[in-house]
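Asker: Here you go, this is data.txt (compact mmCIF, N, CA and C atoms).
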# COMPACT_ATOMS: atom_id res chain seq x y z
N MET A 1 0.82 -1.19 0.00
CA MET A 1 0.00 0.00 0.00
C MET A 1 0.87 1.26 0.00
N ALA A 2 1.96 1.25 0.74
CA ALA A 2 2.85 2.40 0.83
C ALA A 2 3.55 2.64 -0.50
N ASP A 3 3.86 1.56 -1.22
CA ASP A 3 4.51 1.71 -2.52
C ASP A 3 3.60 2.40 -3.53
N ASP A 4 2.32 2.07 -3.51
CA ASP A 4 1.36 2.72 -4.42
C ASP A 4 1.23 4.20 -4.10
N GLU A 5 1.16 4.54 -2.82
CA GLU A 5 1.05 5.94 -2.42
C GLU A 5 2.32 6.70 -2.78
N LEU A 6 3.45 6.07 -2.55
CA LEU A 6 4.72 6.70 -2.88
C LEU A 6 4.83 6.94 -4.40
N GLU A 7 4.41 5.97 -5.17
CA GLU A 7 4.44 6.11 -6.64
C GLU A 7 3.50 7.23 -7.11
N ALA A 8 2.33 7.34 -6.48
CA ALA A 8 1.39 8.41 -6.83
C ALA A 8 1.99 9.77 -6.50
N ILE A 9 2.66 9.87 -5.37
CA ILE A 9 3.30 11.14 -4.98
C ILE A 9 4.41 11.49 -5.95
N ARG A 10 5.18 10.49 -6.37
CA ARG A 10 6.26 10.72 -7.33
C ARG A 10 5.70 11.21 -8.67
N ARG A 11 4.62 10.57 -9.14
CA ARG A 11 4.01 11.00 -10.40
C ARG A 11 3.49 12.42 -10.31
N GLN A 12 2.86 12.76 -9.17
CA GLN A 12 2.33 14.10 -8.99
C GLN A 12 3.47 15.13 -8.97
N ARG A 13 4.54 14.81 -8.28
CA ARG A 13 5.69 15.72 -8.21
C ARG A 13 6.33 15.89 -9.59
N MET A 14 6.44 14.80 -10.34
CA MET A 14 7.01 14.87 -11.68
C MET A 14 6.14 15.74 -12.59
N ALA A 15 4.83 15.61 -12.47
CA ALA A 15 3.93 16.44 -13.27
C ALA A 15 4.09 17.92 -12.91
N GLU A 16 4.25 18.23 -11.63
CA GLU A 16 4.45 19.61 -11.21
C GLU A 16 5.76 20.17 -11.77
N LEU A 17 6.82 19.37 -11.72
CA LEU A 17 8.11 19.83 -12.25
C LEU A 17 8.04 20.06 -13.76
N GLN A 18 7.36 19.18 -14.48
CA GLN A 18 7.22 19.35 -15.92
C GLN A 18 6.40 20.59 -16.25
N ALA A 19 5.38 20.87 -15.46
CA ALA A 19 4.57 22.08 -15.68
C ALA A 19 5.40 23.33 -15.46
N LYS A 20 6.23 23.33 -14.40
CA LYS A 20 7.10 24.48 -14.15
C LYS A 20 8.11 24.65 -15.28
N GLN A 21 8.64 23.56 -15.79
CA GLN A 21 9.60 23.61 -16.89
C GLN A 21 8.94 24.18 -18.14
N GLY A 22 7.69 23.81 -18.40
CA GLY A 22 6.96 24.33 -19.55
C GLY A 22 6.75 25.82 -19.44
N VAL A 23 6.43 26.31 -18.27
CA VAL A 23 6.23 27.74 -18.05
C VAL A 23 7.56 28.47 -18.23
N ARG A 24 8.62 27.89 -17.73
CA ARG A 24 9.93 28.52 -17.83
C ARG A 24 10.37 28.63 -19.29
N THR A 25 10.13 27.61 -20.07
CA THR A 25 10.54 27.67 -21.48
C THR A 25 9.72 28.69 -22.25
N LYS A 26 8.44 28.86 -21.89
CA LYS A 26 7.62 29.89 -22.56
C LYS A 26 8.16 31.27 -22.24
N HIS A 27 8.56 31.49 -20.98
CA HIS A 27 9.13 32.79 -20.61
C HIS A 27 10.45 33.03 -21.33
N GLU A 28 11.27 31.99 -21.41
CA GLU A 28 12.55 32.13 -22.11
C GLU A 28 12.34 32.42 -23.59
N GLU A 29 11.34 31.79 -24.19
CA GLU A 29 11.05 32.02 -25.60
C GLU A 29 10.58 33.45 -25.84
N THR A 30 9.69 33.96 -25.00
CA THR A 30 9.22 35.34 -25.17
C THR A 30 10.36 36.32 -24.92
N ASP A 31 11.22 36.03 -23.95
CA ASP A 31 12.37 36.91 -23.71
C ASP A 31 13.30 36.94 -24.93
N MET A 32 13.53 35.78 -25.53
CA MET A 32 14.38 35.69 -26.70
C MET A 32 13.77 36.47 -27.86
N ARG A 33 12.45 36.30 -28.07
CA ARG A 33 11.77 37.03 -29.15
C ARG A 33 11.88 38.53 -28.94
N ASN A 34 11.65 38.98 -27.70
CA ASN A 34 11.72 40.41 -27.41
C ASN A 34 13.12 40.96 -27.60
N SER A 35 14.14 40.20 -27.24
CA SER A 35 15.51 40.69 -27.41
C SER A 35 15.87 40.79 -28.88
N ILE A 36 15.45 39.81 -29.68
CA ILE A 36 15.72 39.87 -31.12
C ILE A 36 15.01 41.06 -31.75
N LEU A 37 13.74 41.26 -31.36
CA LEU A 37 12.99 42.39 -31.93
C LEU A 37 13.58 43.72 -31.48
N ALA A 38 14.11 43.78 -30.27
CA ALA A 38 14.74 45.01 -29.80
C ALA A 38 16.00 45.33 -30.60
N GLN A 39 16.71 44.29 -31.03
CA GLN A 39 17.91 44.51 -31.84
C GLN A 39 17.57 44.89 -33.27
N VAL A 40 16.43 44.42 -33.77
CA VAL A 40 16.07 44.59 -35.17
C VAL A 40 15.29 45.87 -35.42
N LEU A 41 14.42 46.26 -34.50
CA LEU A 41 13.53 47.40 -34.70
C LEU A 41 13.99 48.62 -33.90
N ASP A 42 13.76 49.81 -34.46
CA ASP A 42 14.01 51.00 -33.67
C ASP A 42 12.79 51.29 -32.79
N GLN A 43 12.88 52.33 -31.98
CA GLN A 43 11.87 52.58 -30.95
C GLN A 43 10.48 52.83 -31.54
N SER A 44 10.38 53.62 -32.59
CA SER A 44 9.07 53.94 -33.17
C SER A 44 8.45 52.71 -33.83
N ALA A 45 9.27 51.87 -34.44
CA ALA A 45 8.75 50.65 -35.08
C ALA A 45 8.25 49.66 -34.02
N ARG A 46 8.97 49.59 -32.90
CA ARG A 46 8.52 48.70 -31.81
C ARG A 46 7.19 49.19 -31.24
N ALA A 47 7.04 50.51 -31.14
CA ALA A 47 5.79 51.06 -30.63
C ALA A 47 4.64 50.74 -31.57
N ARG A 48 4.87 50.87 -32.87
CA ARG A 48 3.83 50.55 -33.85
C ARG A 48 3.47 49.07 -33.80
N LEU A 49 4.47 48.21 -33.67
CA LEU A 49 4.22 46.78 -33.61
C LEU A 49 3.45 46.40 -32.34
N SER A 50 3.77 47.05 -31.23
CA SER A 50 3.03 46.75 -29.99
C SER A 50 1.59 47.25 -30.08
N ASN A 51 1.37 48.38 -30.76
CA ASN A 51 0.00 48.85 -30.96
C ASN A 51 -0.78 47.89 -31.86
N LEU A 52 -0.11 47.37 -32.87
CA LEU A 52 -0.75 46.40 -33.75
C LEU A 52 -1.09 45.12 -32.99
N ALA A 53 -0.22 44.74 -32.07
CA ALA A 53 -0.46 43.52 -31.28
C ALA A 53 -1.70 43.65 -30.41
N LEU A 54 -2.02 44.86 -30.00
CA LEU A 54 -3.23 45.06 -29.19
C LEU A 54 -4.49 44.88 -30.03
N VAL A 55 -4.44 45.32 -31.29
CA VAL A 55 -5.61 45.28 -32.15
C VAL A 55 -5.73 43.95 -32.89
N LYS A 56 -4.64 43.53 -33.51
CA LYS A 56 -4.63 42.30 -34.30
C LYS A 56 -3.44 41.44 -33.89
N PRO A 57 -3.59 40.65 -32.84
CA PRO A 57 -2.45 39.88 -32.34
C PRO A 57 -1.92 38.85 -33.34
N GLU A 58 -2.81 38.26 -34.16
CA GLU A 58 -2.34 37.25 -35.11
C GLU A 58 -1.47 37.88 -36.20
N LYS A 59 -1.83 39.09 -36.65
CA LYS A 59 -1.03 39.76 -37.66
C LYS A 59 0.30 40.22 -37.07
N ALA A 60 0.29 40.71 -35.85
CA ALA A 60 1.53 41.13 -35.19
C ALA A 60 2.46 39.93 -34.99
N ASN A 61 1.89 38.80 -34.64
CA ASN A 61 2.69 37.59 -34.45
C ASN A 61 3.32 37.16 -35.78
N ALA A 62 2.57 37.27 -36.87
CA ALA A 62 3.10 36.91 -38.18
C ALA A 62 4.25 37.83 -38.56
N VAL A 63 4.12 39.12 -38.29
CA VAL A 63 5.18 40.08 -38.61
C VAL A 63 6.40 39.81 -37.74
N GLU A 64 6.18 39.52 -36.46
CA GLU A 64 7.30 39.20 -35.57
C GLU A 64 8.04 37.96 -36.06
N ASN A 65 7.30 36.93 -36.44
CA ASN A 65 7.94 35.72 -36.95
C ASN A 65 8.75 36.01 -38.21
N TYR A 66 8.20 36.84 -39.08
CA TYR A 66 8.89 37.22 -40.31
C TYR A 66 10.19 37.95 -39.99
N LEU A 67 10.12 38.90 -39.07
CA LEU A 67 11.30 39.68 -38.71
C LEU A 67 12.37 38.81 -38.05
N ILE A 68 11.95 37.91 -37.18
CA ILE A 68 12.90 37.02 -36.51
C ILE A 68 13.57 36.10 -37.52
N GLN A 69 12.80 35.59 -38.46
CA GLN A 69 13.36 34.73 -39.48
C GLN A 69 14.37 35.49 -40.34
N MET A 70 14.02 36.71 -40.72
CA MET A 70 14.94 37.53 -41.52
C MET A 70 16.22 37.81 -40.74
N ALA A 71 16.09 38.08 -39.45
CA ALA A 71 17.27 38.36 -38.62
C ALA A 71 18.15 37.13 -38.48
N ARG A 72 17.55 35.98 -38.33
CA ARG A 72 18.34 34.75 -38.18
C ARG A 72 19.12 34.42 -39.44
N PHE A 73 18.55 34.71 -40.60
CA PHE A 73 19.24 34.42 -41.85
C PHE A 73 20.15 35.56 -42.29
N GLY A 74 20.18 36.64 -41.51
CA GLY A 74 21.07 37.75 -41.82
C GLY A 74 20.64 38.60 -42.99
N LYS A 75 19.37 38.66 -43.27
CA LYS A 75 18.88 39.42 -44.42
C LYS A 75 18.54 40.86 -44.06
N LEU A 76 18.68 41.23 -42.80
CA LEU A 76 18.40 42.60 -42.39
C LEU A 76 19.72 43.35 -42.26
N GLY A 77 19.78 44.51 -42.90
CA GLY A 77 21.01 45.29 -42.88
C GLY A 77 21.25 46.02 -41.58
N GLY A 78 20.23 46.58 -41.03
CA GLY A 78 20.34 47.34 -39.79
C GLY A 78 18.99 47.36 -39.10
N LYS A 79 18.82 48.35 -38.25
CA LYS A 79 17.53 48.47 -37.57
C LYS A 79 16.46 48.94 -38.55
N ILE A 80 15.30 48.39 -38.40
CA ILE A 80 14.18 48.74 -39.27
C ILE A 80 13.44 49.92 -38.66
N SER A 81 13.21 50.94 -39.48
CA SER A 81 12.48 52.11 -39.02
C SER A 81 10.98 51.86 -39.11
N GLU A 82 10.23 52.85 -38.70
CA GLU A 82 8.77 52.73 -38.76
C GLU A 82 8.29 52.61 -40.20
N ALA A 83 8.92 53.34 -41.12
CA ALA A 83 8.54 53.26 -42.54
C ALA A 83 8.83 51.86 -43.09
N GLY A 84 9.94 51.28 -42.70
CA GLY A 84 10.25 49.92 -43.13
C GLY A 84 9.28 48.91 -42.58
N LEU A 85 8.86 49.12 -41.34
CA LEU A 85 7.86 48.22 -40.74
C LEU A 85 6.52 48.34 -41.45
N ILE A 86 6.18 49.54 -41.86
CA ILE A 86 4.92 49.74 -42.60
C ILE A 86 4.96 48.97 -43.91
N GLU A 87 6.11 48.99 -44.60
CA GLU A 87 6.24 48.23 -45.84
C GLU A 87 6.07 46.73 -45.59
N ILE A 88 6.67 46.25 -44.51
CA ILE A 88 6.54 44.83 -44.17
C ILE A 88 5.10 44.50 -43.84
N LEU A 89 4.43 45.38 -43.12
CA LEU A 89 3.01 45.17 -42.78
C LEU A 89 2.16 45.11 -44.05
N GLU A 90 2.46 45.96 -45.02
CA GLU A 90 1.71 45.92 -46.27
C GLU A 90 1.94 44.61 -47.01
N LYS A 91 3.17 44.11 -47.01
CA LYS A 91 3.45 42.82 -47.65
C LYS A 91 2.69 41.70 -46.98
N VAL A 92 2.70 41.70 -45.65
CA VAL A 92 1.99 40.64 -44.91
C VAL A 92 0.49 40.76 -45.15
N SER A 93 -0.02 41.97 -45.22
CA SER A 93 -1.45 42.17 -45.46
C SER A 93 -1.85 41.67 -46.85
N GLN A 94 -1.01 41.89 -47.82
CA GLN A 94 -1.31 41.42 -49.17
C GLN A 94 -1.29 39.90 -49.23
N GLN A 95 -0.38 39.28 -48.51
CA GLN A 95 -0.29 37.83 -48.51
C GLN A 95 -1.47 37.18 -47.80
N THR A 96 -1.96 37.82 -46.76
CA THR A 96 -3.04 37.24 -45.97
C THR A 96 -4.40 37.82 -46.31
N GLU A 97 -4.48 38.61 -47.37
CA GLU A 97 -5.74 39.25 -47.75
C GLU A 97 -6.76 38.20 -48.16
N LYS A 98 -7.95 38.35 -47.62
CA LYS A 98 -9.03 37.41 -47.93
C LYS A 98 -9.89 37.99 -49.05
N LYS A 99 -10.17 37.18 -50.00
CA LYS A 99 -11.04 37.58 -51.11
C LYS A 99 -12.48 37.22 -50.73
N THR A 100 -13.36 38.20 -50.81
CA THR A 100 -14.77 37.94 -50.50
C THR A 100 -15.58 38.04 -51.78
N THR A 101 -16.54 37.18 -51.89
CA THR A 101 -17.43 37.22 -53.04
C THR A 101 -18.86 37.27 -52.54
N VAL A 102 -19.68 37.95 -53.30
CA VAL A 102 -21.09 38.07 -52.97
C VAL A 102 -21.88 37.43 -54.09
N LYS A 103 -22.79 36.56 -53.72
CA LYS A 103 -23.60 35.89 -54.72
C LYS A 103 -25.07 36.24 -54.45
N PHE A 104 -25.75 36.72 -55.48
CA PHE A 104 -27.15 37.10 -55.36
C PHE A 104 -28.02 35.98 -55.90
N ASN A 105 -28.99 35.58 -55.15
CA ASN A 105 -30.01 34.64 -55.62
C ASN A 105 -31.30 35.43 -55.80
N ARG A 106 -31.64 35.69 -57.02
CA ARG A 106 -32.84 36.46 -57.30
C ARG A 106 -33.99 35.51 -57.57
N ARG A 107 -35.17 35.91 -57.15
CA ARG A 107 -36.36 35.11 -57.41
C ARG A 107 -36.79 35.28 -58.85
N LYS A 108 -37.31 34.25 -59.38
CA LYS A 108 -37.80 34.32 -60.74
C LYS A 108 -39.19 34.97 -60.73
N VAL A 109 -39.60 35.53 -61.84
CA VAL A 109 -40.86 36.26 -61.93
C VAL A 109 -42.05 35.33 -61.71
N MET A 110 -42.02 34.20 -62.32
CA MET A 110 -43.14 33.26 -62.22
C MET A 110 -42.81 32.14 -61.22
N ASP A 111 -42.50 32.54 -60.00
CA ASP A 111 -42.16 31.56 -58.98
C ASP A 111 -43.43 30.92 -58.44
N SER A 112 -43.37 29.67 -58.06
CA SER A 112 -44.56 28.97 -57.58
C SER A 112 -45.07 29.51 -56.27
N ASP A 113 -44.23 30.18 -55.51
CA ASP A 113 -44.65 30.78 -54.24
C ASP A 113 -45.61 31.95 -54.47
N ASP A 114 -45.52 32.60 -55.61
CA ASP A 114 -46.38 33.74 -55.90
C ASP A 114 -47.85 33.33 -56.01
N GLU A 115 -48.13 32.13 -56.48
CA GLU A 115 -49.52 31.66 -56.63
C GLU A 115 -50.19 31.44 -55.28
N ASP A 116 -49.42 31.09 -54.28
CA ASP A 116 -50.01 30.84 -52.96
C ASP A 116 -50.42 32.13 -52.25
N ASP A 117 -49.84 33.26 -52.63
CA ASP A 117 -50.13 34.52 -51.96
C ASP A 117 -51.49 35.08 -52.30
N TYR A 118 -52.08 34.75 -53.44
CA TYR A 118 -53.34 35.34 -53.87
C TYR A 118 -54.54 34.65 -53.32
Would you kindly transcribe this structure into structure tokens?

Answerer:
Amino acid sequence: MADDELEAIRRQRMAELQAKQGVRTKHEETDMRNSILAQVLDQSARARLSNLALVKPEKANAVENYLIQMARFGKLGGKISEAGLIEILEKVSQQTEKKTTVKFNRRKVMDSDDEDDY
């Protein structure tokens, strides 16, 4: 009986440690992302990106991923200004733009429903 209780306590403790490790890695990942973005963007561009994150978090995340990828491959020459960030935002918007179509279903003149109304 004591072995079963001890094993249950061990499993519970292991689950707690794994949960703490998961939280720690998420914090480390966000810290790494923020440090890369701080190196890549100037102050006004970071402000614009943070404002965008408040309104459209998925678009801001896509732009952040794009910037981090560009920085890792060394395709960025220096810090990106606000104007450069606007250009990147326009590119991302064009790529993710949704096409909407409207279809009209018009009733025919001699519809069978018209006979029931009289």

Asker: What's the separation between atom N of Ala15 (chain A) and atom N of Thr30 (chain A), in Å to one decimal place?

Answerer: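 Between atom N of Ala15 (chain A) and atom N of Thr30 (chain A) the gap is 22.7 Å.
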
Asker: For atom C of Val63 (chain A) and atom C of Thr100 (chain A), quote the distance in Å rounded to one decimal.

Answerer: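 For atom C of Val63 (chain A) relative to atom C of Thr100 (chain A), the distance reads 26.1 Å.
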
Asker: Please identify which residues in chain A DSSP calls alpha helix (DSSP H) from the backbone, and express them as a compact mmCIF listing (two decimals) with N, CA and C atoms, keeping the file's coordinate frame.

Answerer:
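The resulting states-v3.txt:
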# COMPACT_ATOMS: atom_id res chain seq x y z
N ALA A 2 1.96 1.25 0.74
CA ALA A 2 2.85 2.40 0.83
C ALA A 2 3.55 2.64 -0.50
N ASP A 3 3.86 1.56 -1.22
CA ASP A 3 4.51 1.71 -2.52
C ASP A 3 3.60 2.40 -3.53
N ASP A 4 2.32 2.07 -3.51
CA ASP A 4 1.36 2.72 -4.42
C ASP A 4 1.23 4.20 -4.10
N GLU A 5 1.16 4.54 -2.82
CA GLU A 5 1.05 5.94 -2.42
C GLU A 5 2.32 6.70 -2.78
N LEU A 6 3.45 6.07 -2.55
CA LEU A 6 4.72 6.70 -2.88
C LEU A 6 4.83 6.94 -4.40
N GLU A 7 4.41 5.97 -5.17
CA GLU A 7 4.44 6.11 -6.64
C GLU A 7 3.50 7.23 -7.11
N ALA A 8 2.33 7.34 -6.48
CA ALA A 8 1.39 8.41 -6.83
C ALA A 8 1.99 9.77 -6.50
N ILE A 9 2.66 9.87 -5.37
CA ILE A 9 3.30 11.14 -4.98
C ILE A 9 4.41 11.49 -5.95
N ARG A 10 5.18 10.49 -6.37
CA ARG A 10 6.26 10.72 -7.33
C ARG A 10 5.70 11.21 -8.67
N ARG A 11 4.62 10.57 -9.14
CA ARG A 11 4.01 11.00 -10.40
C ARG A 11 3.49 12.42 -10.31
N GLN A 12 2.86 12.76 -9.17
CA GLN A 12 2.33 14.10 -8.99
C GLN A 12 3.47 15.13 -8.97
N ARG A 13 4.54 14.81 -8.28
CA ARG A 13 5.69 15.72 -8.21
C ARG A 13 6.33 15.89 -9.59
N MET A 14 6.44 14.80 -10.34
CA MET A 14 7.01 14.87 -11.68
C MET A 14 6.14 15.74 -12.59
N ALA A 15 4.83 15.61 -12.47
CA ALA A 15 3.93 16.44 -13.27
C ALA A 15 4.09 17.92 -12.91
N GLU A 16 4.25 18.23 -11.63
CA GLU A 16 4.45 19.61 -11.21
C GLU A 16 5.76 20.17 -11.77
N LEU A 17 6.82 19.37 -11.72
CA LEU A 17 8.11 19.83 -12.25
C LEU A 17 8.04 20.06 -13.76
N GLN A 18 7.36 19.18 -14.48
CA GLN A 18 7.22 19.35 -15.92
C GLN A 18 6.40 20.59 -16.25
N ALA A 19 5.38 20.87 -15.46
CA ALA A 19 4.57 22.08 -15.68
C ALA A 19 5.40 23.33 -15.46
N LYS A 20 6.23 23.33 -14.40
CA LYS A 20 7.10 24.48 -14.15
C LYS A 20 8.11 24.65 -15.28
N GLN A 21 8.64 23.56 -15.79
CA GLN A 21 9.60 23.61 -16.89
C GLN A 21 8.94 24.18 -18.14
N GLY A 22 7.69 23.81 -18.40
CA GLY A 22 6.96 24.33 -19.55
C GLY A 22 6.75 25.82 -19.44
N VAL A 23 6.43 26.31 -18.27
CA VAL A 23 6.23 27.74 -18.05
C VAL A 23 7.56 28.47 -18.23
N ARG A 24 8.62 27.89 -17.73
CA ARG A 24 9.93 28.52 -17.83
C ARG A 24 10.37 28.63 -19.29
N THR A 25 10.13 27.61 -20.07
CA THR A 25 10.54 27.67 -21.48
C THR A 25 9.72 28.69 -22.25
N LYS A 26 8.44 28.86 -21.89
CA LYS A 26 7.62 29.89 -22.56
C LYS A 26 8.16 31.27 -22.24
N HIS A 27 8.56 31.49 -20.98
CA HIS A 27 9.13 32.79 -20.61
C HIS A 27 10.45 33.03 -21.33
N GLU A 28 11.27 31.99 -21.41
CA GLU A 28 12.55 32.13 -22.11
C GLU A 28 12.34 32.42 -23.59
N GLU A 29 11.34 31.79 -24.19
CA GLU A 29 11.05 32.02 -25.60
C GLU A 29 10.58 33.45 -25.84
N THR A 30 9.69 33.96 -25.00
CA THR A 30 9.22 35.34 -25.17
C THR A 30 10.36 36.32 -24.92
N ASP A 31 11.22 36.03 -23.95
CA ASP A 31 12.37 36.91 -23.71
C ASP A 31 13.30 36.94 -24.93
N MET A 32 13.53 35.78 -25.53
CA MET A 32 14.38 35.69 -26.70
C MET A 32 13.77 36.47 -27.86
N ARG A 33 12.45 36.30 -28.07
CA ARG A 33 11.77 37.03 -29.15
C ARG A 33 11.88 38.53 -28.94
N ASN A 34 11.65 38.98 -27.70
CA ASN A 34 11.72 40.41 -27.41
C ASN A 34 13.12 40.96 -27.60
N SER A 35 14.14 40.20 -27.24
CA SER A 35 15.51 40.69 -27.41
C SER A 35 15.87 40.79 -28.88
N ILE A 36 15.45 39.81 -29.68
CA ILE A 36 15.72 39.87 -31.12
C ILE A 36 15.01 41.06 -31.75
N LEU A 37 13.74 41.26 -31.36
CA LEU A 37 12.99 42.39 -31.93
C LEU A 37 13.58 43.72 -31.48
N ALA A 38 14.11 43.78 -30.27
CA ALA A 38 14.74 45.01 -29.80
C ALA A 38 16.00 45.33 -30.60
N GLN A 39 16.71 44.29 -31.03
CA GLN A 39 17.91 44.51 -31.84
C GLN A 39 17.57 44.89 -33.27
N VAL A 40 16.43 44.42 -33.77
CA VAL A 40 16.07 44.59 -35.17
C VAL A 40 15.29 45.87 -35.42
N GLN A 43 12.88 52.33 -31.98
CA GLN A 43 11.87 52.58 -30.95
C GLN A 43 10.48 52.83 -31.54
N SER A 44 10.38 53.62 -32.59
CA SER A 44 9.07 53.94 -33.17
C SER A 44 8.45 52.71 -33.83
N ALA A 45 9.27 51.87 -34.44
CA ALA A 45 8.75 50.65 -35.08
C ALA A 45 8.25 49.66 -34.02
N ARG A 46 8.97 49.59 -32.90
CA ARG A 46 8.52 48.70 -31.81
C ARG A 46 7.19 49.19 -31.24
N ALA A 47 7.04 50.51 -31.14
CA ALA A 47 5.79 51.06 -30.63
C ALA A 47 4.64 50.74 -31.57
N ARG A 48 4.87 50.87 -32.87
CA ARG A 48 3.83 50.55 -33.85
C ARG A 48 3.47 49.07 -33.80
N LEU A 49 4.47 48.21 -33.67
CA LEU A 49 4.22 46.78 -33.61
C LEU A 49 3.45 46.40 -32.34
N SER A 50 3.77 47.05 -31.23
CA SER A 50 3.03 46.75 -29.99
C SER A 50 1.59 47.25 -30.08
N ASN A 51 1.37 48.38 -30.76
CA ASN A 51 0.00 48.85 -30.96
C ASN A 51 -0.78 47.89 -31.86
N LEU A 52 -0.11 47.37 -32.87
CA LEU A 52 -0.75 46.40 -33.75
C LEU A 52 -1.09 45.12 -32.99
N ALA A 53 -0.22 44.74 -32.07
CA ALA A 53 -0.46 43.52 -31.28
C ALA A 53 -1.70 43.65 -30.41
N LEU A 54 -2.02 44.86 -30.00
CA LEU A 54 -3.23 45.06 -29.19
C LEU A 54 -4.49 44.88 -30.03
N VAL A 55 -4.44 45.32 -31.29
CA VAL A 55 -5.61 45.28 -32.15
C VAL A 55 -5.73 43.95 -32.89
N PRO A 57 -3.59 40.65 -32.84
CA PRO A 57 -2.45 39.88 -32.34
C PRO A 57 -1.92 38.85 -33.34
N GLU A 58 -2.81 38.26 -34.16
CA GLU A 58 -2.34 37.25 -35.11
C GLU A 58 -1.47 37.88 -36.20
N LYS A 59 -1.83 39.09 -36.65
CA LYS A 59 -1.03 39.76 -37.66
C LYS A 59 0.30 40.22 -37.07
N ALA A 60 0.29 40.71 -35.85
CA ALA A 60 1.53 41.13 -35.19
C ALA A 60 2.46 39.93 -34.99
N ASN A 61 1.89 38.80 -34.64
CA ASN A 61 2.69 37.59 -34.45
C ASN A 61 3.32 37.16 -35.78
N ALA A 62 2.57 37.27 -36.87
CA ALA A 62 3.10 36.91 -38.18
C ALA A 62 4.25 37.83 -38.56
N VAL A 63 4.12 39.12 -38.29
CA VAL A 63 5.18 40.08 -38.61
C VAL A 63 6.40 39.81 -37.74
N GLU A 64 6.18 39.52 -36.46
CA GLU A 64 7.30 39.20 -35.57
C GLU A 64 8.04 37.96 -36.06
N ASN A 65 7.30 36.93 -36.44
CA ASN A 65 7.94 35.72 -36.95
C ASN A 65 8.75 36.01 -38.21
N TYR A 66 8.20 36.84 -39.08
CA TYR A 66 8.89 37.22 -40.31
C TYR A 66 10.19 37.95 -39.99
N LEU A 67 10.12 38.90 -39.07
CA LEU A 67 11.30 39.68 -38.71
C LEU A 67 12.37 38.81 -38.05
N ILE A 68 11.95 37.91 -37.18
CA ILE A 68 12.90 37.02 -36.51
C ILE A 68 13.57 36.10 -37.52
N GLN A 69 12.80 35.59 -38.46
CA GLN A 69 13.36 34.73 -39.48
C GLN A 69 14.37 35.49 -40.34
N MET A 70 14.02 36.71 -40.72
CA MET A 70 14.94 37.53 -41.52
C MET A 70 16.22 37.81 -40.74
N ALA A 71 16.09 38.08 -39.45
CA ALA A 71 17.27 38.36 -38.62
C ALA A 71 18.15 37.13 -38.48
N ARG A 72 17.55 35.98 -38.33
CA ARG A 72 18.34 34.75 -38.18
C ARG A 72 19.12 34.42 -39.44
N GLU A 82 10.23 52.85 -38.70
CA GLU A 82 8.77 52.73 -38.76
C GLU A 82 8.29 52.61 -40.20
N ALA A 83 8.92 53.34 -41.12
CA ALA A 83 8.54 53.26 -42.54
C ALA A 83 8.83 51.86 -43.09
N GLY A 84 9.94 51.28 -42.70
CA GLY A 84 10.25 49.92 -43.13
C GLY A 84 9.28 48.91 -42.58
N LEU A 85 8.86 49.12 -41.34
CA LEU A 85 7.86 48.22 -40.74
C LEU A 85 6.52 48.34 -41.45
N ILE A 86 6.18 49.54 -41.86
CA ILE A 86 4.92 49.74 -42.60
C ILE A 86 4.96 48.97 -43.91
N GLU A 87 6.11 48.99 -44.60
CA GLU A 87 6.24 48.23 -45.84
C GLU A 87 6.07 46.73 -45.59
N ILE A 88 6.67 46.25 -44.51
CA ILE A 88 6.54 44.83 -44.17
C ILE A 88 5.10 44.50 -43.84
N LEU A 89 4.43 45.38 -43.12
CA LEU A 89 3.01 45.17 -42.78
C LEU A 89 2.16 45.11 -44.05
N GLU A 90 2.46 45.96 -45.02
CA GLU A 90 1.71 45.92 -46.27
C GLU A 90 1.94 44.61 -47.01
N LYS A 91 3.17 44.11 -47.01
CA LYS A 91 3.45 42.82 -47.65
C LYS A 91 2.69 41.70 -46.98
N VAL A 92 2.70 41.70 -45.65
CA VAL A 92 1.99 40.64 -44.91
C VAL A 92 0.49 40.76 -45.15
N SER A 93 -0.02 41.97 -45.22
CA SER A 93 -1.45 42.17 -45.46
C SER A 93 -1.85 41.67 -46.85
N GLN A 94 -1.01 41.89 -47.82
CA GLN A 94 -1.31 41.42 -49.17
C GLN A 94 -1.29 39.90 -49.23
N GLN A 95 -0.38 39.28 -48.51
CA GLN A 95 -0.29 37.83 -48.51
C GLN A 95 -1.47 37.18 -47.80
N SER A 112 -43.37 29.67 -58.06
CA SER A 112 -44.56 28.97 -57.58
C SER A 112 -45.07 29.51 -56.27
N ASP A 113 -44.23 30.18 -55.51
CA ASP A 113 -44.65 30.78 -54.24
C ASP A 113 -45.61 31.95 -54.47
N ASP A 114 -45.52 32.60 -55.61
CA ASP A 114 -46.38 33.74 -55.90
C ASP A 114 -47.85 33.33 -56.01
N GLU A 115 -48.13 32.13 -56.48
CA GLU A 115 -49.52 31.66 -56.63
C GLU A 115 -50.19 31.44 -55.28
N ASP A 116 -49.42 31.09 -54.28
CA ASP A 116 -50.01 30.84 -52.96
C ASP A 116 -50.42 32.13 -52.25
N ASP A 117 -49.84 33.26 -52.63
CA ASP A 117 -50.13 34.52 -51.96
C ASP A 117 -51.49 35.08 -52.30

Asker: Report the distance between atom N of Asp31 (chain A) and atom N of Glu90 (chain A) in Å, rounded to one decimal place.

Answerer: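 Computing the Euclidean distance for atom N of Asp31 (chain A) and atom N of Glu90 (chain A) yields 24.9 Å.
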
Asker: Set the distance at 12 Å and use only C-alpha atoms: which residues neighbour Met32 (chain A) once local chain neighbours fewer than 6 positions away are removed? I'd like the list as number ranges by chain.

Answerer: A: 25-26, 38-39, 64, 68

Asker: Go ahead and save the residues from that selection, with N, CA and C atoms, as a short mmCIF file (atom, residue, chain, number, x, y, z; two decimals), in the coordinates of the input.

Answerer:
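Saved file selection09.cif follows:
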data_model
loop_
_atom_site.label_atom_id
_atom_site.label_comp_id
_atom_site.auth_asym_id
_atom_site.auth_seq_id
_atom_site.Cartn_x
_atom_site.Cartn_y
_atom_site.Cartn_z
N THR A 25 10.13 27.61 -20.07
CA THR A 25 10.54 27.67 -21.48
C THR A 25 9.72 28.69 -22.25
N LYS A 26 8.44 28.86 -21.89
CA LYS A 26 7.62 29.89 -22.56
C LYS A 26 8.16 31.27 -22.24
N ALA A 38 14.11 43.78 -30.27
CA ALA A 38 14.74 45.01 -29.80
C ALA A 38 16.00 45.33 -30.60
N GLN A 39 16.71 44.29 -31.03
CA GLN A 39 17.91 44.51 -31.84
C GLN A 39 17.57 44.89 -33.27
N GLU A 64 6.18 39.52 -36.46
CA GLU A 64 7.30 39.20 -35.57
C GLU A 64 8.04 37.96 -36.06
N ILE A 68 11.95 37.91 -37.18
CA ILE A 68 12.90 37.02 -36.51
C ILE A 68 13.57 36.10 -37.52
#
